[in-house]
$ cat protein23.txt   # compact mmCIF, C-alpha atoms
# COMPACT_ATOMS: atom_id res chain seq x y z
CA MET A 1 5.77 13.32 11.45
CA ILE A 2 3.57 11.58 8.87
CA LEU A 3 3.12 8.70 11.34
CA SER A 4 1.57 10.91 13.97
CA LEU A 5 -0.47 12.67 11.29
CA VAL A 6 -1.76 9.30 10.08
CA GLU A 7 -2.55 8.26 13.64
CA GLN A 8 -4.39 11.51 14.28
CA TYR A 9 -6.14 11.66 10.92
CA PRO A 10 -6.62 8.12 9.61
CA GLU A 11 -8.58 9.57 6.67
CA ARG A 12 -5.18 10.58 5.23
CA LEU A 13 -4.53 6.90 4.60
CA ASN A 14 -7.77 6.77 2.57
CA GLY A 15 -6.35 9.26 0.08
CA ILE A 16 -2.88 7.71 0.16
CA PHE A 17 -4.27 4.31 -0.87
CA GLN A 18 -6.90 5.81 -3.21
CA ALA A 19 -4.09 7.48 -5.17
CA LEU A 20 -2.43 4.08 -5.72
CA ALA A 21 -5.62 2.45 -7.07
CA ASP A 22 -4.98 3.70 -10.60
CA PRO A 23 -2.35 2.54 -13.13
CA THR A 24 -1.69 6.03 -14.55
CA ARG A 25 -0.99 7.43 -11.08
CA ARG A 26 1.27 4.46 -10.19
CA ALA A 27 3.15 4.98 -13.49
CA VAL A 28 3.62 8.70 -12.66
CA LEU A 29 5.03 7.79 -9.22
CA ARG A 30 7.35 5.22 -10.86
CA ARG A 31 8.62 7.86 -13.30
CA LEU A 32 9.12 10.39 -10.48
CA GLY A 33 11.07 7.75 -8.54
CA LYS A 34 13.83 8.39 -11.08
CA GLY A 35 13.75 12.17 -10.45
CA PRO A 36 11.55 15.26 -10.91
CA ALA A 37 9.82 15.84 -14.24
CA SER A 38 7.65 18.43 -15.96
CA ILE A 39 3.92 17.82 -16.52
CA SER A 40 4.43 17.54 -20.30
CA GLU A 41 7.20 14.97 -19.84
CA LEU A 42 5.02 12.99 -17.41
CA ALA A 43 1.98 13.13 -19.72
CA ARG A 44 3.87 12.02 -22.87
CA PRO A 45 3.57 8.20 -22.45
CA PHE A 46 -0.21 8.37 -21.93
CA ASP A 47 -2.85 8.48 -24.63
CA MET A 48 -4.94 10.88 -22.57
CA ALA A 49 -6.25 14.45 -22.91
CA LEU A 50 -4.28 16.91 -20.74
CA PRO A 51 -7.30 17.85 -18.52
CA SER A 52 -7.80 14.13 -17.69
CA PHE A 53 -4.10 13.72 -16.96
CA MET A 54 -4.15 16.85 -14.76
CA LYS A 55 -6.90 15.29 -12.62
CA HIS A 56 -4.44 12.50 -11.77
CA ILE A 57 -1.70 15.05 -11.00
CA HIS A 58 -4.05 17.03 -8.74
CA LEU A 59 -5.10 13.89 -6.89
CA LEU A 60 -1.45 12.88 -6.37
CA GLU A 61 -0.69 16.39 -5.09
CA HIS A 62 -3.82 16.61 -2.91
CA THR A 63 -3.11 13.22 -1.26
CA GLY A 64 0.51 14.20 -0.54
CA TRP A 65 2.31 11.90 -2.99
CA ILE A 66 3.88 14.69 -5.04
CA GLN A 67 4.77 18.37 -4.84
CA THR A 68 4.55 20.62 -7.87
CA ARG A 69 6.31 23.94 -8.56
CA LYS A 70 5.81 26.35 -11.41
CA ARG A 71 8.72 28.27 -12.93
CA GLY A 72 7.65 30.43 -15.85
CA ARG A 73 5.42 28.23 -18.00
CA VAL A 74 6.80 24.91 -16.77
CA ARG A 75 5.28 23.05 -13.82
CA THR A 76 7.66 20.47 -12.35
CA CYS A 77 6.58 17.54 -10.18
CA ALA A 78 8.65 15.80 -7.50
CA LEU A 79 7.96 12.76 -5.35
CA GLU A 80 7.19 13.04 -1.63
CA LYS A 81 8.38 10.16 0.54
CA LYS A 82 6.06 10.62 3.54
CA PRO A 83 3.17 8.64 2.03
CA PHE A 84 5.56 5.71 1.40
CA VAL A 85 6.47 5.80 5.07
CA ALA A 86 2.74 5.77 5.92
CA VAL A 87 2.14 2.71 3.68
CA GLU A 88 5.17 0.93 5.14
CA SER A 89 3.97 1.75 8.64
CA TRP A 90 0.53 0.32 7.87
CA LEU A 91 2.13 -2.88 6.50
CA SER A 92 4.40 -3.22 9.56
CA ALA A 93 1.49 -2.76 11.98
CA GLN A 94 -0.47 -5.45 10.12
CA LYS A 95 2.55 -7.81 10.13
CA ALA A 96 3.08 -7.23 13.86
CA LEU A 97 -0.45 -8.62 14.40
CA TRP A 98 0.39 -11.86 12.54
CA GLU A 99 3.75 -12.17 14.19
CA GLY A 100 2.18 -11.69 17.61
CA ARG A 101 -0.25 -14.40 16.59
CA THR A 102 2.56 -16.70 15.42
CA ASP A 103 4.48 -16.03 18.64
CA ARG A 104 1.43 -16.92 20.71
CA LEU A 105 0.92 -20.05 18.58
CA GLU A 106 4.59 -20.99 19.06
CA GLN A 107 4.31 -20.45 22.82
CA PHE A 108 1.19 -22.59 22.82
CA VAL A 109 2.85 -25.40 20.80
CA THR A 110 6.10 -25.20 22.80
CA GLY A 111 4.12 -25.08 26.04
CA ALA A 112 2.04 -28.10 24.95
CA ARG A 113 5.23 -30.04 24.06
CA ARG A 114 6.80 -29.21 27.45
CA GLY A 115 3.56 -30.35 29.04
CA GLU A 116 3.81 -33.67 27.13
CA LYS A 117 7.45 -34.19 28.19
CA SER A 118 6.80 -33.41 31.85
CA ARG A 119 3.99 -35.92 31.99
CA MET B 1 2.47 -16.48 -7.66
CA ILE B 2 0.76 -13.17 -6.85
CA LEU B 3 3.83 -11.34 -8.16
CA SER B 4 3.52 -12.85 -11.60
CA LEU B 5 -0.25 -12.32 -11.48
CA VAL B 6 0.30 -8.66 -10.63
CA GLU B 7 2.87 -8.33 -13.41
CA GLN B 8 0.48 -9.95 -15.87
CA TYR B 9 -2.64 -8.17 -14.66
CA PRO B 10 -1.65 -4.82 -13.14
CA GLU B 11 -5.37 -4.02 -12.72
CA ARG B 12 -5.28 -6.42 -9.72
CA LEU B 13 -3.22 -3.78 -7.92
CA ASN B 14 -6.04 -1.28 -8.56
CA GLY B 15 -8.44 -3.41 -6.48
CA ILE B 16 -5.79 -4.24 -3.88
CA PHE B 17 -5.16 -0.53 -3.18
CA GLN B 18 -8.84 0.42 -3.62
CA ALA B 19 -9.72 -1.99 -0.81
CA LEU B 20 -7.31 -0.19 1.54
CA ALA B 21 -8.77 3.27 0.82
CA ASP B 22 -11.51 2.84 3.45
CA PRO B 23 -11.21 2.85 7.27
CA THR B 24 -13.85 0.13 7.81
CA ARG B 25 -12.05 -2.25 5.45
CA ARG B 26 -8.66 -1.51 7.04
CA ALA B 27 -10.19 -2.14 10.48
CA VAL B 28 -11.59 -5.50 9.25
CA LEU B 29 -8.14 -6.50 7.96
CA ARG B 30 -6.59 -5.44 11.30
CA ARG B 31 -9.10 -7.60 13.20
CA LEU B 32 -8.48 -10.56 10.85
CA GLY B 33 -4.74 -10.16 11.42
CA LYS B 34 -5.43 -11.62 14.87
CA GLY B 35 -7.25 -14.64 13.42
CA PRO B 36 -10.42 -15.64 11.51
CA ALA B 37 -13.77 -14.22 12.61
CA SER B 38 -17.46 -14.51 11.75
CA ILE B 39 -19.28 -11.74 9.87
CA SER B 40 -21.34 -10.85 12.96
CA GLU B 41 -18.20 -10.60 15.10
CA LEU B 42 -16.53 -8.41 12.46
CA ALA B 43 -19.59 -6.16 12.08
CA ARG B 44 -20.08 -5.61 15.84
CA PRO B 45 -17.74 -2.59 16.33
CA PHE B 46 -19.32 -0.66 13.44
CA ASP B 47 -22.41 1.49 13.61
CA MET B 48 -23.49 0.33 10.15
CA ALA B 49 -26.42 -1.58 8.63
CA LEU B 50 -25.47 -5.17 7.74
CA PRO B 51 -26.02 -4.71 3.96
CA SER B 52 -23.57 -1.76 3.98
CA PHE B 53 -21.07 -3.79 5.99
CA MET B 54 -21.46 -6.74 3.58
CA LYS B 55 -20.48 -4.47 0.67
CA HIS B 56 -17.11 -3.97 2.38
CA ILE B 57 -16.77 -7.73 2.96
CA HIS B 58 -17.60 -8.46 -0.69
CA LEU B 59 -15.05 -5.91 -1.88
CA LEU B 60 -12.37 -7.39 0.38
CA GLU B 61 -13.21 -10.86 -0.94
CA HIS B 62 -13.42 -9.78 -4.58
CA THR B 63 -10.04 -8.00 -4.43
CA GLY B 64 -8.37 -11.05 -2.83
CA TRP B 65 -7.77 -9.68 0.69
CA ILE B 66 -9.98 -12.22 2.47
CA GLN B 67 -11.56 -15.63 1.95
CA THR B 68 -14.96 -16.47 3.40
CA ARG B 69 -16.48 -19.87 4.17
CA LYS B 70 -19.98 -20.73 5.25
CA ARG B 71 -20.69 -23.52 7.75
CA GLY B 72 -24.37 -23.82 8.57
CA ARG B 73 -25.57 -20.26 9.20
CA VAL B 74 -22.17 -18.81 10.09
CA ARG B 75 -19.89 -17.25 7.48
CA THR B 76 -16.27 -17.02 8.66
CA CYS B 77 -13.67 -14.68 7.14
CA ALA B 78 -9.92 -15.23 7.04
CA LEU B 79 -7.07 -13.03 5.84
CA GLU B 80 -5.19 -13.76 2.61
CA LYS B 81 -1.51 -12.79 2.57
CA LYS B 82 -0.94 -12.55 -1.19
CA PRO B 83 -2.18 -8.95 -1.49
CA PHE B 84 0.28 -7.93 1.26
CA VAL B 85 3.07 -9.48 -0.80
CA ALA B 86 1.83 -7.50 -3.82
CA VAL B 87 1.84 -4.22 -1.83
CA GLU B 88 5.32 -4.97 -0.45
CA SER B 89 6.54 -5.81 -3.93
CA TRP B 90 5.20 -2.50 -5.25
CA LEU B 91 6.94 -0.61 -2.41
CA SER B 92 10.24 -2.45 -3.03
CA ALA B 93 10.14 -1.74 -6.77
CA GLN B 94 9.56 1.95 -6.03
CA LYS B 95 12.39 2.01 -3.47
CA ALA B 96 14.74 0.30 -5.94
CA LEU B 97 14.20 3.27 -8.28
CA TRP B 98 15.31 5.76 -5.59
CA GLU B 99 18.18 3.61 -4.49
CA GLY B 100 19.33 3.23 -8.10
CA ARG B 101 19.11 6.99 -8.30
CA THR B 102 21.12 7.43 -5.09
CA ASP B 103 23.70 4.88 -6.32
CA ARG B 104 24.06 6.74 -9.60
CA LEU B 105 24.40 10.01 -7.68
CA GLU B 106 27.05 8.44 -5.43
CA GLN B 107 28.94 7.10 -8.46
CA PHE B 108 28.75 10.54 -10.00
CA VAL B 109 30.01 12.27 -6.84
CA THR B 110 32.72 9.63 -6.23
CA GLY B 111 33.71 9.77 -9.91
CA ALA B 112 33.89 13.57 -9.78
CA ARG B 113 36.10 13.42 -6.64
CA ARG B 114 38.41 10.87 -8.27
CA GLY B 115 38.55 13.17 -11.29
CA GLU B 116 39.57 16.06 -9.01
CA LYS B 117 42.30 14.00 -7.31
CA SER B 118 43.78 12.71 -10.57
CA ARG B 119 44.10 16.22 -11.97

$ encode --input "protein23.txt" --output "structure tokens"
Amino acid sequence: MILSLVEQYPERLNGIFQALADPTRRAVLRRLGKGPASISELARPFDMALPSFMKHIHLLEHTGWIQTRKRGRVRTCALEKKPFVAVESWLSAQKALWEGRTDRLEQFVTGARRGEKSR
Amino acid sequence: MILSLVEQYPERLNGIFQALADPTRRAVLRRLGKGPASISELARPFDMALPSFMKHIHLLEHTGWIQTRKRGRVRTCALEKKPFVAVESWLSAQKALWEGRTDRLEQFVTGARRGEKSR
């Protein structure tokens, strides 16, 4: 589903990559890779005021990287995998271009060699 | 080499992802995936003043995504693959966390079942 969303709305990829352009946000995603965590647990390793940290959490949530849920006073964050699929899909599409290029180059070289032999 | 550079200087990943957070820059990388191109060829599809377009080119060059060379009046751009390796490496590291998590969950479930059987 994310693939068609990304195709329809390429601006989603802007946010997906923007979210990764910051070491705090990448560290939060790494931590959440091990399982859900509360905001206070996530904030602990960072020497950062809570409002600044919350800006990172909001950006991660807004760009689709995490979901958050509040139970009582505790807000818990969990990783979303769709943006990873979108990044992987972007990488694959880019690789397909090179590989197409390499294939064409191989065909050209092989073709040229056949041409040499048949002369 | 980029892997150890990224490990040593994680701020390189900031620029690598920042560069991807823009549709013009992603389109330039897609075009360069098919082979090197001149600045004027790259700029053609975009309804953008050249100085604005050059800012994107400079950012792609500065963050390591492309190399540019000038011969006479023509500046040619070519794709660099190291940032792709860095992005792939980041994705793999993140996946390894989940998979470790899944493995531990499997061990837990398998262990629990064995425990049930041996009772």

$ interface_residues --input "protein23.txt" --of "chain B" --to "chain A" --cutoff "8 Å" --atoms "all atoms listed in the file" --output "MDAnalysis selection string"
chainID B and resid 10:11 13:18 20:23 30 33:35 84 88 91 94:95 97:98 101

$ write_last_selection --input "protein23.txt" --atoms "C-alpha atoms" --output "CSV table (one decimal), in the frame of the given file"
chain,number,residue,atom,x,y,z
B,10,PRO,CA,-1.6,-4.8,-13.1
B,11,GLU,CA,-5.4,-4.0,-12.7
B,13,LEU,CA,-3.2,-3.8,-7.9
B,14,ASN,CA,-6.0,-1.3,-8.6
B,15,GLY,CA,-8.4,-3.4,-6.5
B,16,ILE,CA,-5.8,-4.2,-3.9
B,17,PHE,CA,-5.2,-0.5,-3.2
B,18,GLN,CA,-8.8,0.4,-3.6
B,20,LEU,CA,-7.3,-0.2,1.5
B,21,ALA,CA,-8.8,3.3,0.8
B,22,ASP,CA,-11.5,2.8,3.4
B,23,PRO,CA,-11.2,2.8,7.3
B,30,ARG,CA,-6.6,-5.4,11.3
B,33,GLY,CA,-4.7,-10.2,11.4
B,34,LYS,CA,-5.4,-11.6,14.9
B,35,GLY,CA,-7.2,-14.6,13.4
B,84,PHE,CA,0.3,-7.9,1.3
B,88,GLU,CA,5.3,-5.0,-0.4
B,91,LEU,CA,6.9,-0.6,-2.4
B,94,GLN,CA,9.6,2.0,-6.0
B,95,LYS,CA,12.4,2.0,-3.5
B,97,LEU,CA,14.2,3.3,-8.3
B,98,TRP,CA,15.3,5.8,-5.6
B,101,ARG,CA,19.1,7.0,-8.3

$ atom_distance --input "protein23.txt" --atom1 "CA of His56 in chain A" --atom2 "CA of Trp65 in chain B"
25.7 Å

$ atom_distance --input "protein23.txt" --atom1 "CA of Ile39 in chain B" --atom2 "CA of Val74 in chain B"
7.6 Å

$ residues_around --input "protein23.txt" --residues "Ala37 in chain B" --least-positions-apart "6" --cutoff "7 Å" --atoms "only C-alpha atoms" --output "list in words"
Thr76, Cys77 and Ala78 of chain B

$ atom_distance --input "protein23.txt" --atom1 "CA of Lys70 in chain B" --atom2 "CA of Ala43 in chain B"
16.1 Å
